[in-house]
Amino acid sequence: MPHDPHQKRPAGLRLKLSNKVAVATVALATLTAVNLVSPMPRAEAASVSIATIQGTSASSPFVGSSVTTTGFVTAAYATGGLNGYFLQSAGTGGVVDPRTHRASDGIFVYLAGTPLSARIGDYLQVSGLVSEFGGLTQLSPPTAGAIVPLDPTGVTPPLPAATKYPATDSDRESLEGMLIQPAGDFTVTGLQSSAQYGQIELAAGTVPLAAPASVAAVGSAEYAATVSNNRARAVWLDDGATTSFTSAAGSAKPLPYLSGPVRVGAPVTFTHPVVLDYRNSAWRFQPTTEVTGANEATASPARFGSTRTAAPTDVGGSIRLGTFNVLNFFPTTGDERSGCTYFSDRAGSPVTVNNSDAPGCGVRGAATRAHFLQQQSKIVSAILALGADIVSLEEIENSAKLGMPRDHALGVLVDALNAADRRADWRFVPSPAAVPALADEDLIRTGFVYRSSVAEPVGPTSILIGSAPFDNAREPDAQAFRPVYATAEETFLVVSNHFKSKSGSEAKGDNVDTGQGAFNGDRTRQALALLDFTKTVSRASGTDRVFLVGDFNALSHEDPVLAIMAAGFADLGAGTGKASYSFSGESGSIDHIFASAEAQALVTGTDIWNINSVEAPVRQYSAANANVSTFVNPKDPFRSSDHDPLVVGLALPQHTPPTIPNPPAGESR
């Protein structure tokens, strides 16, 4: 996983540099170093308003100076590691226009080692040193004596500022540290760090942030506009803490916000005010007290709409074709091999393999059979609910690399499907006689499973062998199908794919990431080789009705997809308005079903079933016992993978078995 620039720092780490101004706050560093304990002399303090301290620029004009100010406590963090509270001037807030309200009336009071005794609603006089911590203006009283309770009689407390989320940093700066009641629509757009730092990424508006290359080509004006729009809309919902939930201590604290199925795309309703905060290089809605899974019913400032569906949208058709990346489905588990190392749960027990390249390991996926069975249960649940009759699988164990029959893992999955399905008609398409040399194959492969009561393979699978562009990816495999009892004229061809991933520090030349991920050059060459291969197998199969399916690791306006579409194929998923993948708070499809012009004539509908990419990763089997709260449900399909499956309906004739005439009277068969 790439480094998350928004991750929280551990509670004890307080850097003394400003991201707003490239000036070291030497005075604060000196003050902290000597650990002053005596009250600040009043002669050195100037009584100023919070708005004056904040100023109208990105950095306070009082950095390094000692000041005295007054205000009401609007948010207090006695637990969680923030070690302070927000203070806001009396009588401020209410109806605020960030375009004309140029100086914030709120400020964070950082207490360091001073005990927190203030409560929300207290009216205080605070003296301390002004600094910029990571871009957040804060006031640091040296001792408890620098904080003086005041009589609030006759003083008007601040009100939450009722305003839409500002689109620019300068307008947000004018509200930094103030209590606000977010107005307008908000949508969950990212959950990637929800189980690590208890934070959820939101987008102002009714839709999640779009991956720019899913909207337009890199370098285009529309691409740049999407990047700008994402910056204008993104904001974190934080938990009022610095907890790292992956630490031993953090994992014992119930994760916030996730007790219900919070999903990317869910609408957000703010039921309580929040503070507009800036820390760790991002703007945040901070609750007024720490939120955990134990108190979220009362402490959470937000509610999330329910968006789960029990099945995909009905795509019609007499045969349904699907594609599904099954997240390193390895029946061979790490504990059956030697040399594997693991990602472990909070008790230290292995859950998943973390280095398949370790000598003697050679597997990915689950560390133990118990965890594999959890994974398998979710995958089976997803495939059955998908409703597809033919499914292309990506990222399934290549059992030949482990000294077993090449199709062993496919057989395990088919057995599990039949055990869970009363129709028990699932089969896998066997590998052909001609397969790539073992040394040229990856640990994972693609393959097909299908319902034998609905569809049947026509001829053996064809695998692209010896193609240089696929030296670092899984070779495409093509299989013709038709409805059972159908004629040759009803045949269609499906080519399963899994292109090179976007990660890799070893990328060189045109594989260096210039906006489309690493190895875009290789993926584009793989797309061109696929098109050549498709022409060959299409002629051999006697059909122009061709579907290219799978995990292409390329967004809709990236070069590999553009090359395929330039050859006359349509991206069926693009018409759904949905995405198959979510990363860093942005959604886009890297899984596709492309149809030739002749194949498009068969299509009755398409859906991307959002059961995985939109779910919190903590619901994945690999997160079992990661937190004191339980989120993994092996019986449901949600977060069975990190990719969403696609399904397409095809209008083909349905045939009944041929009638066998009864023998004449007196004769037997």
# chains A, B, ... in the order shown; residues from 1 in each chain; ligands from 1
$ residues_around --residues "A:Asp357" --least-positions-apart "4" --cutoff "12 Å" --atoms "only C-alpha atoms" --output "VMD selection string"
chain A and resid 334 337 to 341 353 361 to 364 442 to 443
$ residues_around --residues "A:Pro267" --least-positions-apart "5" --cutoff "8 Å" --atoms "only C-alpha atoms" --output "PDB file with C-alpha atoms, in the first residue's frame"
ATOM      1  CA  ASP A 185     -24.824  17.266   1.033  1.00  0.00           C
ATOM      2  CA  PHE A 186     -21.917  15.037   2.018  1.00  0.00           C
ATOM      3  CA  THR A 187     -21.006  11.551   0.813  1.00  0.00           C
ATOM      4  CA  VAL A 188     -18.556   8.923   2.084  1.00  0.00           C
ATOM      5  CA  THR A 206     -23.880  13.634  -3.540  1.00  0.00           C
ATOM      6  CA  PHE A 304     -24.696   7.311   7.396  1.00  0.00           C
ATOM      7  CA  GLY A 305     -27.299   6.140   4.918  1.00  0.00           C
TER       8      GLY A 305
END
$ closest_residue --among "A:Thr323, A:Thr333, A:Thr271, A:Gln526" --to "A:Ser496" --atoms "only C-alpha atoms"
A:Thr323
$ select_by_dssp --residues "stretch 73-266 of chain A" --states "alpha helix (DSSP H)" --output "PyMOL selection string"
chain A and resi 169-173+194-197+221-233+248-251
$ select_by_dssp --residues "stretch 74-135 of chain A" --states "strand (DSSP E)" --output "list in words"
Thr74, Ala75, Ala76, Tyr77, Gly84, Tyr85, Phe86, Leu87, Gln88, Gly106, Ile107, Phe108, Val109, Tyr110, Tyr123, Leu124, Gln125, Val126, Ser127, Gly128, Leu129, Val130, Ser131, Glu132 and Phe133 of chain A
$ closest_atom_pairs --of "stretch 222-296 of chain A" --to "stretch 591-614 of chain A" --cutoff "10 Å" --atoms "only C-alpha atoms" --output "CSV"
residue,atom,partner,partner_atom,distance
A:Pro261,CA,A:Val614,CA,9.9
A:Val262,CA,A:Val614,CA,8.6
A:Arg263,CA,A:Val614,CA,5.1
A:Val264,CA,A:Val614,CA,4.5
A:Gly265,CA,A:Val614,CA,7.2
A:Ala266,CA,A:Val614,CA,9.1
$ write_last_selection --atoms "N, CA and C atoms" --output "CSV table (one decimal), in the first residue's frame"
chain,number,residue,atom,x,y,z
A,261,PRO,N,-23.0,-0.6,8.5
A,261,PRO,CA,-22.2,-0.9,7.3
A,261,PRO,C,-22.0,0.5,6.5
A,262,VAL,N,-21.1,1.3,7.1
A,262,VAL,CA,-20.7,2.5,6.4
A,262,VAL,C,-20.0,2.2,5.1
A,263,ARG,N,-20.4,2.8,4.0
A,263,ARG,CA,-19.9,2.4,2.7
A,263,ARG,C,-19.6,3.6,1.8
A,264,VAL,N,-18.6,3.5,1.0
A,264,VAL,CA,-18.3,4.6,0.0
A,264,VAL,C,-19.6,4.8,-0.8
A,265,GLY,N,-20.0,6.1,-1.0
A,265,GLY,CA,-21.2,6.4,-1.7
A,265,GLY,C,-22.4,6.6,-0.7
A,266,ALA,N,-22.2,6.3,0.6
A,266,ALA,CA,-23.3,6.5,1.5
A,266,ALA,C,-23.5,8.0,1.8
$ atom_distance --atom1 "atom CA of A:Arg320" --atom2 "atom CA of A:Ile379"
17.9 Å
$ atom_distance --atom1 "atom CA of A:Tyr257" --atom2 "atom CA of A:Arg308"
16.4 Å
$ residues_around --residues "A:Pro430" --least-positions-apart "4" --cutoff "8 Å" --atoms "only C-alpha atoms" --output "number ranges by chain"
A: 407, 460-461
$ closest_atom_pairs --of "stretch 389-435 of chain A" --to "stretch 637-659 of chain A" --cutoff "10 Å" --atoms "only C-alpha atoms" --output "Markdown table"
| residue | atom | partner | partner_atom | distance |
| --- | --- | --- | --- | --- |
| A:Asp389 | CA | A:Val647 | CA | 9.6 |
| A:Ile390 | CA | A:Val647 | CA | 9.4 |
| A:Val391 | CA | A:Val647 | CA | 8.6 |
| A:Ser392 | CA | A:Pro645 | CA | 9.8 |
| A:Leu393 | CA | A:Pro645 | CA | 9.6 |
$ write_last_selection --atoms "C-alpha atoms" --output "compact mmCIF listing (two decimals), in the first residue's frame"
# COMPACT_ATOMS: atom_id res chain seq x y z
CA ASP A 389 -24.00 -18.45 -15.20
CA ILE A 390 -20.42 -18.05 -16.45
CA VAL A 391 -17.80 -16.35 -14.27
CA SER A 392 -14.27 -15.39 -15.24
CA LEU A 393 -12.10 -15.59 -12.13
$ closest_residue --among "A:Ala616, A:Val73, A:Ile147, A:Val96" --to "A:Ile120" --atoms "only C-alpha atoms"
A:Val73
$ atom_distance --atom1 "atom CA of A:Ala563" --atom2 "atom CA of A:Phe519"
15.3 Å
